[in-house]
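S.K.: Structure file entry31.pdb (PDB, C-alpha atoms) is given on the next line.
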ATOM      1  CA  MET A  67       0.835  24.217  16.381
ATOM      2  CA  ARG A  68       1.063  21.919  19.405
ATOM      3  CA  CYS A  69       4.406  21.011  20.917
ATOM      4  CA  PRO A  70       5.311  17.393  20.026
ATOM      5  CA  HIS A  71       7.260  17.053  23.285
ATOM      6  CA  CYS A  72       4.744  18.149  25.940
ATOM      7  CA  GLU A  73       1.540  18.493  23.826
ATOM      8  CA  ALA A  74       1.170  22.124  24.936
ATOM      9  CA  ALA A  75      -0.678  24.556  22.673
ATOM     10  CA  ASP A  76       1.239  27.586  23.951
ATOM     11  CA  THR A  77       3.847  27.835  21.173
ATOM     12  CA  VAL A  78       5.329  30.684  19.197
ATOM     13  CA  GLU A  79       6.632  30.633  15.636
ATOM     14  CA  ARG A  80      10.183  31.812  15.052
ATOM     15  CA  ARG A  81      11.299  33.995  12.158
ATOM     16  CA  GLU A  82      14.010  31.727  10.808
ATOM     17  CA  ARG A  83      13.241  28.471   9.048
ATOM     18  CA  THR A  84      15.097  25.191   8.615
ATOM     19  CA  GLU A  85      17.486  24.602   5.713
ATOM     20  CA  LEU A  86      14.690  22.876   3.805
ATOM     21  CA  GLY A  87      12.290  25.757   4.401
ATOM     22  CA  TYR A  88      10.098  24.327   7.159
ATOM     23  CA  ARG A  89       8.723  26.578   9.885
ATOM     24  CA  ARG A  90      10.295  26.519  13.330
ATOM     25  CA  PHE A  91       8.517  26.896  16.668
ATOM     26  CA  ARG A  92       9.335  27.269  20.331
ATOM     27  CA  CYS A  93       7.249  25.943  23.210
ATOM     28  CA  ARG A  94       6.668  28.401  26.057
ATOM     29  CA  ILE A  95       5.969  25.563  28.506
ATOM     30  CA  CYS A  96       8.916  23.191  28.057
ATOM     31  CA  HIS A  97      11.089  25.794  26.241
ATOM     32  CA  ARG A  98      12.059  23.308  23.520
ATOM     33  CA  GLU A  99      12.303  24.097  19.816
ATOM     34  CA  PHE A 100      10.790  22.064  17.016
ATOM     35  CA  ASN A 101       9.739  22.312  13.366
ATOM     36  CA  GLU A 102       6.855  21.117  11.228
ATOM     37  CA  ARG A 103       8.296  17.619  10.829
ATOM     38  CA  THR A 104       9.382  17.022  14.440
ATOM     39  CA  GLY A 105       7.842  13.878  15.887
ATOM     40  CA  THR A 106       6.938  12.391  12.497
ATOM     41  CA  ARG A 107       8.594   9.688  10.410
ATOM     42  CA  LEU A 108       9.882  12.426   8.132
ATOM     43  CA  ASN A 109      11.732  14.253  10.884
ATOM     44  CA  HIS A 110      15.310  13.206  10.102
ATOM     45  CA  LEU A 111      15.055  13.170   6.313
ATOM     46  CA  GLN A 112      17.579  15.403   4.581
ATOM     47  CA  TYR A 113      15.327  15.969   1.575
ATOM     48  CA  PRO A 114      11.989  17.766   1.135
ATOM     49  CA  THR A 115       8.943  15.758   2.111
ATOM     50  CA  ASP A 116       7.257  15.980  -1.284
ATOM     51  CA  VAL A 117      10.382  14.661  -3.045
ATOM     52  CA  VAL A 118      10.689  11.639  -0.746
ATOM     53  CA  CYS A 119       6.974  10.860  -1.036
ATOM     54  CA  LEU A 120       7.137  11.102  -4.812
ATOM     55  CA  VAL A 121      10.119   8.726  -4.906
ATOM     56  CA  VAL A 122       8.227   6.147  -2.849
ATOM     57  CA  LEU A 123       5.091   6.568  -4.960
ATOM     58  CA  TRP A 124       6.980   6.098  -8.241
ATOM     59  CA  ARG A 125       8.883   3.141  -6.824
ATOM     60  CA  VAL A 126       5.629   1.401  -5.926
ATOM     61  CA  ARG A 127       3.490   2.404  -8.869
ATOM     62  CA  TYR A 128       5.797   2.121 -11.879
ATOM     63  CA  LYS A 129       8.238  -0.488 -13.177
ATOM     64  CA  LEU A 130      11.332   1.261 -11.844
ATOM     65  CA  SER A 131      14.307  -0.287 -10.113
ATOM     66  CA  LEU A 132      16.057   1.154  -7.070
ATOM     67  CA  ARG A 133      18.793   2.538  -9.336
ATOM     68  CA  ASP A 134      16.414   4.072 -11.887
ATOM     69  CA  LEU A 135      14.964   6.582  -9.420
ATOM     70  CA  PRO A 136      18.262   8.233  -8.328
ATOM     71  CA  GLU A 137      19.167   8.633 -11.995
ATOM     72  CA  MET A 138      15.819  10.251 -12.800
ATOM     73  CA  PHE A 139      16.048  12.720  -9.936
ATOM     74  CA  LEU A 140      19.724  13.467 -10.644
ATOM     75  CA  GLU A 141      18.565  15.217 -13.813
ATOM     76  CA  ARG A 142      16.425  17.412 -11.550
ATOM     77  CA  GLY A 143      19.319  18.350  -9.271
ATOM     78  CA  MET A 144      18.547  15.884  -6.447
ATOM     79  CA  VAL A 145      21.416  13.599  -5.409
ATOM     80  CA  PHE A 146      20.756  10.401  -3.431
ATOM     81  CA  THR A 147      21.617   6.701  -3.740
ATOM     82  CA  HIS A 148      19.557   3.589  -4.390
ATOM     83  CA  GLU A 149      20.060   2.609  -0.746
ATOM     84  CA  ALA A 150      18.265   5.804   0.261
ATOM     85  CA  VAL A 151      15.332   4.748  -1.921
ATOM     86  CA  ARG A 152      15.317   1.354  -0.198
ATOM     87  CA  GLU A 153      15.255   2.986   3.247
ATOM     88  CA  TRP A 154      12.503   5.442   2.274
ATOM     89  CA  GLU A 155      10.392   2.619   0.913
ATOM     90  CA  ALA A 156      10.832   0.527   4.072
ATOM     91  CA  GLN A 157       9.980   3.517   6.250
ATOM     92  CA  LEU A 158       7.060   5.064   4.373
ATOM     93  CA  ALA A 159       5.430   2.177   2.486
ATOM     94  CA  PRO A 160       3.732   0.768   5.622
ATOM     95  CA  LEU A 161       2.427   4.235   6.490
ATOM     96  CA  LEU A 162       1.008   4.659   2.991
ATOM     97  CA  SER A 163      -0.618   1.234   2.890
ATOM     98  CA  GLU A 164      -2.223   1.562   6.325
ATOM     99  CA  THR A 165      -3.608   5.002   5.482
ATOM    100  CA  LEU A 166      -5.108   3.747   2.227
ATOM    101  CA  ARG A 167      -6.572   0.700   3.980
ATOM    102  CA  LYS A 168      -8.463   3.011   6.333
ATOM    103  CA  HIS A 169      -9.565   5.145   3.381
ATOM    104  CA  ARG A 170     -11.503   2.294   1.711
ATOM    105  CA  ARG A 171     -13.110   0.837   4.840
ATOM    106  CA  GLY A 172     -16.774  -0.054   4.300
ATOM    107  CA  ARG A 173     -16.756   0.585   0.534
ATOM    108  CA  LEU A 174     -17.012  -2.947  -0.861
ATOM    109  CA  GLY A 175     -19.696  -5.015  -2.504
ATOM    110  CA  PRO A 176     -21.354  -8.118  -0.993
ATOM    111  CA  SER A 177     -19.567 -10.597  -3.283
ATOM    112  CA  TRP A 178     -15.860 -11.433  -2.838
ATOM    113  CA  TYR A 179     -13.585 -13.348  -5.214
ATOM    114  CA  THR A 180     -10.557 -15.031  -3.621
ATOM    115  CA  ASP A 181      -7.507 -16.755  -5.066
ATOM    116  CA  GLU A 182      -3.777 -17.261  -4.499
ATOM    117  CA  MET A 183      -0.831 -16.612  -6.775
ATOM    118  CA  TYR A 184       2.870 -17.458  -6.567
ATOM    119  CA  ILE A 185       5.571 -14.962  -5.605
ATOM    120  CA  LYS A 186       9.240 -15.966  -5.517
ATOM    121  CA  VAL A 187      11.101 -14.871  -2.377
ATOM    122  CA  LYS A 188      14.819 -15.655  -2.071
ATOM    123  CA  GLY A 189      14.495 -18.433  -4.629
ATOM    124  CA  ARG A 190      11.478 -20.044  -2.948
ATOM    125  CA  TRP A 191       7.823 -19.843  -3.919
ATOM    126  CA  THR A 192       5.402 -18.179  -1.512
ATOM    127  CA  TYR A 193       1.652 -17.657  -1.749
ATOM    128  CA  LEU A 194      -0.023 -14.296  -2.175
ATOM    129  CA  TYR A 195      -3.677 -14.402  -1.129
ATOM    130  CA  ARG A 196      -5.762 -11.751  -2.883
ATOM    131  CA  ALA A 197      -9.450 -10.884  -2.984
ATOM    132  CA  ILE A 198     -11.533  -8.361  -4.913
ATOM    133  CA  ASP A 199     -15.240  -7.617  -5.042
ATOM    134  CA  ARG A 200     -17.492  -7.878  -8.089
ATOM    135  CA  ASP A 201     -16.518  -4.402  -9.338
ATOM    136  CA  GLY A 202     -12.790  -5.114  -9.076
ATOM    137  CA  ASN A 203     -12.174  -3.143  -5.868
ATOM    138  CA  LEU A 204      -9.475  -4.564  -3.610
ATOM    139  CA  VAL A 205     -10.639  -6.459  -0.523
ATOM    140  CA  ASP A 206      -7.286  -7.458   0.948
ATOM    141  CA  VAL A 207      -3.917  -9.019   0.197
ATOM    142  CA  LEU A 208      -1.761 -11.269   2.373
ATOM    143  CA  LEU A 209       1.555 -13.003   1.678
ATOM    144  CA  SER A 210       2.075 -16.389   3.319
ATOM    145  CA  GLU A 211       4.895 -18.915   3.233
ATOM    146  CA  LYS A 212       2.381 -21.767   3.431
ATOM    147  CA  ARG A 213      -0.847 -22.637   1.625
ATOM    148  CA  ASP A 214      -3.029 -24.191   4.303
ATOM    149  CA  ARG A 215      -6.093 -23.505   6.415
ATOM    150  CA  ALA A 216      -4.176 -21.369   8.920
ATOM    151  CA  ALA A 217      -3.051 -19.054   6.116
ATOM    152  CA  ALA A 218      -6.579 -18.892   4.678
ATOM    153  CA  GLU A 219      -8.037 -18.060   8.101
ATOM    154  CA  ALA A 220      -5.421 -15.336   8.629
ATOM    155  CA  PHE A 221      -6.323 -13.854   5.256
ATOM    156  CA  PHE A 222     -10.086 -13.757   5.896
ATOM    157  CA  ARG A 223      -9.495 -12.419   9.402
ATOM    158  CA  SER A 224      -7.398  -9.588   7.967
ATOM    159  CA  ALA A 225      -9.961  -8.923   5.219
ATOM    160  CA  ARG A 226     -12.812  -8.717   7.725
ATOM    161  CA  THR A 227     -10.817  -6.339   9.909
ATOM    162  CA  VAL A 228      -9.743  -3.949   7.162
ATOM    163  CA  THR A 229     -13.111  -3.809   5.397
ATOM    164  CA  GLY A 230     -15.276  -3.762   8.512
ATOM    165  CA  SER A 231     -17.819  -5.990   6.768
ATOM    166  CA  VAL A 232     -18.699  -9.599   6.001
ATOM    167  CA  PRO A 233     -19.679 -10.599   2.437
ATOM    168  CA  GLU A 234     -22.809 -12.453   1.437
ATOM    169  CA  ARG A 235     -20.863 -14.886  -0.748
ATOM    170  CA  VAL A 236     -17.250 -15.822  -1.470
ATOM    171  CA  THR A 237     -16.106 -17.353  -4.759
ATOM    172  CA  SER A 238     -12.862 -19.335  -4.867
ATOM    173  CA  ASP A 239     -11.152 -22.226  -6.625
ATOM    174  CA  GLY A 240     -11.269 -25.776  -5.301
ATOM    175  CA  HIS A 241      -8.730 -25.281  -2.498
ATOM    176  CA  ASP A 242      -9.787 -27.518   0.416
ATOM    177  CA  ALA A 243      -8.861 -24.961   3.094
ATOM    178  CA  TYR A 244     -11.400 -22.330   2.042
ATOM    179  CA  PRO A 245     -14.717 -23.813   3.253
ATOM    180  CA  GLY A 246     -13.541 -24.260   6.846
ATOM    181  CA  ALA A 247     -11.692 -20.932   6.902
ATOM    182  CA  ILE A 248     -14.761 -19.056   5.628
ATOM    183  CA  LYS A 249     -17.011 -20.576   8.263
ATOM    184  CA  ALA A 250     -14.480 -19.957  11.036
ATOM    185  CA  GLU A 251     -13.723 -16.311  10.204
ATOM    186  CA  LEU A 252     -16.726 -15.006   8.238
ATOM    187  CA  GLY A 253     -19.552 -17.040   9.716
ATOM    188  CA  GLU A 254     -21.935 -19.822   8.785
ATOM    189  CA  GLY A 255     -24.209 -17.518   6.803
ATOM    190  CA  VAL A 256     -21.662 -16.727   4.087
ATOM    191  CA  ARG A 257     -22.290 -18.667   0.890
ATOM    192  CA  HIS A 258     -19.202 -20.310  -0.623
ATOM    193  CA  ARG A 259     -19.006 -20.960  -4.357
ATOM    194  CA  THR A 260     -16.272 -22.876  -6.200
ATOM    195  CA  ASN A 261     -16.197 -22.025  -9.880
ATOM    196  CA  HIS A 262     -13.115 -21.415 -12.018
ATOM    197  CA  TYR A 263     -15.055 -19.413 -14.607
ATOM    198  CA  LEU A 264     -16.527 -17.010 -12.056
ATOM    199  CA  ASN A 265     -13.010 -16.331 -10.783
ATOM    200  CA  ASN A 266     -11.626 -15.349 -14.199
ATOM    201  CA  HIS A 267     -11.913 -11.651 -13.352
ATOM    202  CA  LEU A 268      -9.600 -12.123 -10.374
ATOM    203  CA  GLU A 269      -7.195 -14.239 -12.444
ATOM    204  CA  GLN A 270      -6.889 -11.320 -14.852
ATOM    205  CA  ASP A 271      -6.427  -8.918 -11.947
ATOM    206  CA  HIS A 272      -3.362 -10.909 -10.836
ATOM    207  CA  ARG A 273      -1.510  -9.551 -13.887
ATOM    208  CA  GLY A 274      -0.946  -6.201 -12.157
ATOM    209  CA  ILE A 275       1.291  -7.508  -9.381
ATOM    210  CA  LYS A 276       2.878 -10.095 -11.701
ATOM    211  CA  GLN A 277       3.928  -7.444 -14.206
ATOM    212  CA  ARG A 278       5.273  -5.197 -11.449
ATOM    213  CA  THR A 279       7.343  -7.812  -9.599
ATOM    214  CA  ARG A 280       8.772  -9.549 -12.666
ATOM    215  CA  PRO A 281      11.343  -6.801 -13.456
ATOM    216  CA  MET A 282      12.460  -6.888  -9.813
ATOM    217  CA  GLY A 283      13.728 -10.470 -10.144
ATOM    218  CA  GLY A 284      12.119 -11.586  -6.889
ATOM    219  CA  PHE A 285      12.530 -10.490  -3.275
ATOM    220  CA  LYS A 286      15.258 -11.121  -0.729
ATOM    221  CA  SER A 287      13.044 -11.486   2.342
ATOM    222  CA  VAL A 288       9.445 -12.333   3.171
ATOM    223  CA  GLU A 289       9.083  -9.091   5.120
ATOM    224  CA  SER A 290      10.044  -6.890   2.181
ATOM    225  CA  ALA A 291       7.861  -8.926  -0.192
ATOM    226  CA  ARG A 292       4.878  -8.683   2.152
ATOM    227  CA  ARG A 293       5.369  -4.926   2.533
ATOM    228  CA  PHE A 294       5.740  -4.258  -1.189
ATOM    229  CA  CYS A 295       2.835  -6.448  -2.344
ATOM    230  CA  ARG A 296       0.470  -4.823   0.123
ATOM    231  CA  VAL A 297       1.393  -1.227  -0.670
ATOM    232  CA  TYR A 298       1.397  -1.914  -4.417
ATOM    233  CA  ASP A 299      -2.151  -3.281  -4.390
ATOM    234  CA  GLU A 300      -3.368  -0.471  -2.133
ATOM    235  CA  VAL A 301      -1.921   2.251  -4.392
ATOM    236  CA  ARG A 302      -3.151   0.483  -7.537
ATOM    237  CA  ASN A 303      -6.647   0.216  -6.098
ATOM    238  CA  PHE A 304      -6.591   3.862  -4.988
ATOM    239  CA  LEU A 305      -5.673   4.996  -8.494
ATOM    240  CA  ARG A 306      -8.320   2.863 -10.232
ATOM    241  CA  PRO A 307     -10.361   5.249 -12.400
ATOM    242  CA  ARG A 308     -13.311   2.841 -12.455
ATOM    243  CA  SER A 309     -15.643   2.346  -9.506
ATOM    244  CA  ARG A 310     -17.581  -0.475 -11.163
ATOM    245  CA  ARG A 311     -16.874  -3.111 -13.787
ATOM    246  CA  ASN A 312     -16.981  -2.071 -17.463
ATOM    247  CA  GLU A 313     -17.410   1.589 -16.555
ATOM    248  CA  VAL A 314     -16.404   3.907 -19.409
ATOM    249  CA  VAL A 315     -13.619   6.262 -18.267
ATOM    250  CA  SER A 316     -12.028   9.031 -20.328
ATOM    251  CA  LEU A 317      -8.301   9.367 -20.825
ATOM    252  CA  ALA A 318      -8.310  12.570 -18.747
ATOM    253  CA  GLN A 319      -9.846  10.697 -15.809
ATOM    254  CA  HIS A 320      -7.177   8.012 -16.132
ATOM    255  CA  GLY A 321      -4.372  10.477 -15.372
ATOM    256  CA  GLY A 322      -6.187  13.058 -13.294
ATOM    257  CA  SER A 323      -5.565  11.458  -9.889
ATOM    258  CA  SER A 324      -1.956  10.375 -10.337
ATOM    259  CA  ILE A 325      -0.555  12.604  -7.592
ATOM    260  CA  ARG A 326      -3.219  12.145  -4.923
ATOM    261  CA  PRO A 327      -1.365   9.482  -2.857
ATOM    262  CA  VAL A 328       1.458  11.954  -2.156
ATOM    263  CA  HIS A 329      -0.898  13.882   0.125
ATOM    264  CA  VAL A 330      -1.724  10.717   2.057
ATOM    265  CA  PHE A 331       1.598  10.989   3.879
ATOM    266  CA  TYR A 332       0.679  14.289   5.531
TER     267      TYR A 332
END
Translate this file's structure into structure tokens.

M.R.:
Amino acid sequence: MRCPHCEAADTVERRERTELGYRRFRCRICHREFNERTGTRLNHLQYPTDVVCLVVLWRVRYKLSLRDLPEMFLERGMVFTHEAVREWEAQLAPLLSETLRKHRRGRLGPSWYTDEMYIKVKGRWTYLYRAIDRDGNLVDVLLSEKRDRAAAEAFFRSARTVTGSVPERVTSDGHDAYPGAIKAELGEGVRHRTNHYLNNHLEQDHRGIKQRTRPMGGFKSVESARRFCRVYDEVRNFLRPRSRRNEVVSLAQHGGSSIRPVHVFY
């Protein structure tokens, strides 16, 4: 294992381990000691890595409040507060979402469906831009305080960056900002369609984030709302058992990949 301080490969493993059971090493070049988590975002956590990752995963995936998770893990002998859950989410959710965004790069269809939905933040309505392809795979998600051309351009710019591709056609509602934003960010060759019926699949897909955020009673800041909405959609898309629309999936396949995102942190 390389030394996180000087990047030297000349290290030796020590016999003793940390209190949480992680291996310890000593660098023969800079003579500094370190363990498996030194230099990572998990370095100063006082709980095992798999427990913290599971807490963040359950917080994002299921309809659980900050206080539900400490109570659930208390029955398993783990003691922490709801504020610890909040800190773990703020620290690890961006890492999880960015890793999953890289995982799905270049895996989308040529047809995108785009729409906005309302999210309440500190008593005020904000706009969550979302897009999926024809098979229901996530393209991108972006929370904006305004609903204008600048926000639409920022969304398509982010979608083009994360997917590494440009669609052949984009379907949206009648929002006036979309035609100019599509031409500016995706190019003149992209066909733009405005049809409410063609966008029904995306309207139904909005139910996922609506059902998850409703028990939370809204957000206290735009930053936390933006972070949560992005990581929720990324995890939900990663756990989708279907790769194409109307694909028949067994019940075993539905639950077979429920723990895979935990390994994304490593």

S.K.: For the structure provided, state which residues fall under the PyMOL selection byres ((chain A and resi 176-189) around 6), and present them as a ChimeraX atom specification.

M.R.: /A:175,190-200,233-238,284-286

S.K.: I need the output of the PyMOL selection byres ((chain A and resi 137-148) around 12) for this file as a list in words; which residues are they?

M.R.: Leu111, Gln112, Tyr113, Pro114, Val117, Val118, Leu120, Val121, Val122, Trp124, Arg125, Leu130, Ser131, Leu132, Arg133, Asp134, Leu135, Pro136, Glu149, Ala150, Val151, Arg152, Glu153, Trp154 and Glu155 of chain A

S.K.: Of the candidates A:Arg173, A:Arg302, A:His258, A:Cys119, which shows the shortest atom-to-atom distance to His272 (chain A), using only C-alpha atoms?

M.R.: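 When distances to His272 (chain A) are compared using only C-alpha atoms, the smallest one comes from A:Arg302.
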
S.K.: For Ser163 (chain A), work out the shell of residues within 12 Å, counting only C-alpha atoms and skipping chain neighbours fewer than 5 positions away, then give it as a list in words.

M.R.: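 The residues satisfying every condition are Val122, Leu123, Val126, Glu155, Ala156, Gln157, Leu158, Lys168, His169, Arg170, Asp206, Val207, Val228, Arg292, Arg293, Phe294, Cys295, Arg296, Val297, Tyr298, Asp299, Glu300, Val301, Arg302, Asn303, Phe304, Pro327, Val330 and Phe331 of chain A.
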
S.K.: Can you pull out the residues contacting His97 (chain A)? Cut-off 12 Å, using all atoms listed in the file, and skip same-chain residues under 5 positions away; I want them as a short mmCIF file (atom, residue, chain, number, x, y, z; two decimals) with C-alpha atoms, in the coordinates of the input.

M.R.:
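File written: result-v1.cif
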data_model
loop_
_atom_site.label_atom_id
_atom_site.label_comp_id
_atom_site.auth_asym_id
_atom_site.auth_seq_id
_atom_site.Cartn_x
_atom_site.Cartn_y
_atom_site.Cartn_z
CA CYS A 69 4.41 21.01 20.92
CA PRO A 70 5.31 17.39 20.03
CA HIS A 71 7.26 17.05 23.28
CA CYS A 72 4.74 18.15 25.94
CA ALA A 74 1.17 22.12 24.94
CA ASP A 76 1.24 27.59 23.95
CA THR A 77 3.85 27.84 21.17
CA VAL A 78 5.33 30.68 19.20
CA PHE A 91 8.52 26.90 16.67
CA ARG A 92 9.34 27.27 20.33
#

S.K.: At what distance in Å, to one decimal, does CA of Leu252 (chain A) lie from CA of Asp214 (chain A)?

M.R.: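 Those two atoms sit 17.0 Å apart.
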
S.K.: Point out the residue among A:Arg280, A:Arg213, A:Arg273, A:Arg306 with the least atom-to-atom distance to Tyr244 (chain A), counting all atoms listed in the file.

M.R.: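 Once distances to Tyr244 (chain A) are computed over all atoms listed in the file, the minimum belongs to A:Arg213.
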
S.K.: Each side padded by 4 Å, which centre and which edge lengths in Å (one decimal) define the axis-aligned box around the listed atoms of region 288-302 of chain A? Give them as lines of an AutoDock Vina configuration file.

M.R.:
center_x = 3.3
center_y = -5.0
center_z = -1.2
size_x = 21.4
size_y = 22.6
size_z = 20.7

S.K.: Measuring between all atoms listed in the file, which one of A:Ala247, A:Ile275, A:Leu264, A:Val288 shows the shortest distance to Lys129 (chain A)?

M.R.: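 The shortest atom-to-atom distance to Lys129 (chain A) comes from A:Ile275.
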
S.K.: Choose the residue, out of A:Ala220, A:Cys93, A:Leu86, A:Leu166, that has the smallest atom-to-atom separation from Ala243 (chain A); count all atoms listed in the file.

M.R.: A:Ala220

S.K.: Just checking: using only C-alpha atoms, which residue out of A:Gly240, A:His267, A:Phe222, A:Val232 ends up closest to Gly255 (chain A)?

M.R.: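 For Gly255 (chain A), the nearest of the candidates is A:Val232.
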
S.K.: With only C-alpha atoms as the basis for distance, which of A:Val205, A:Glu211, A:Met67, A:Arg127 is at the shortest distance from Arg103 (chain A)?

M.R.: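 Answer, going by the shortest atom-to-atom distance: A:Met67.
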
S.K.: Please compute the CA of Arg94 (chain A)-CA of His110 (chain A) distance, one decimal, in Å.

M.R.: 23.7 Å

S.K.: So how far away is CA of Glu254 (chain A) from CA of His241 (chain A), in Å?

M.R.: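 Value for the CA of His241 (chain A)-CA of Glu254 (chain A) distance: 18.2 Å.
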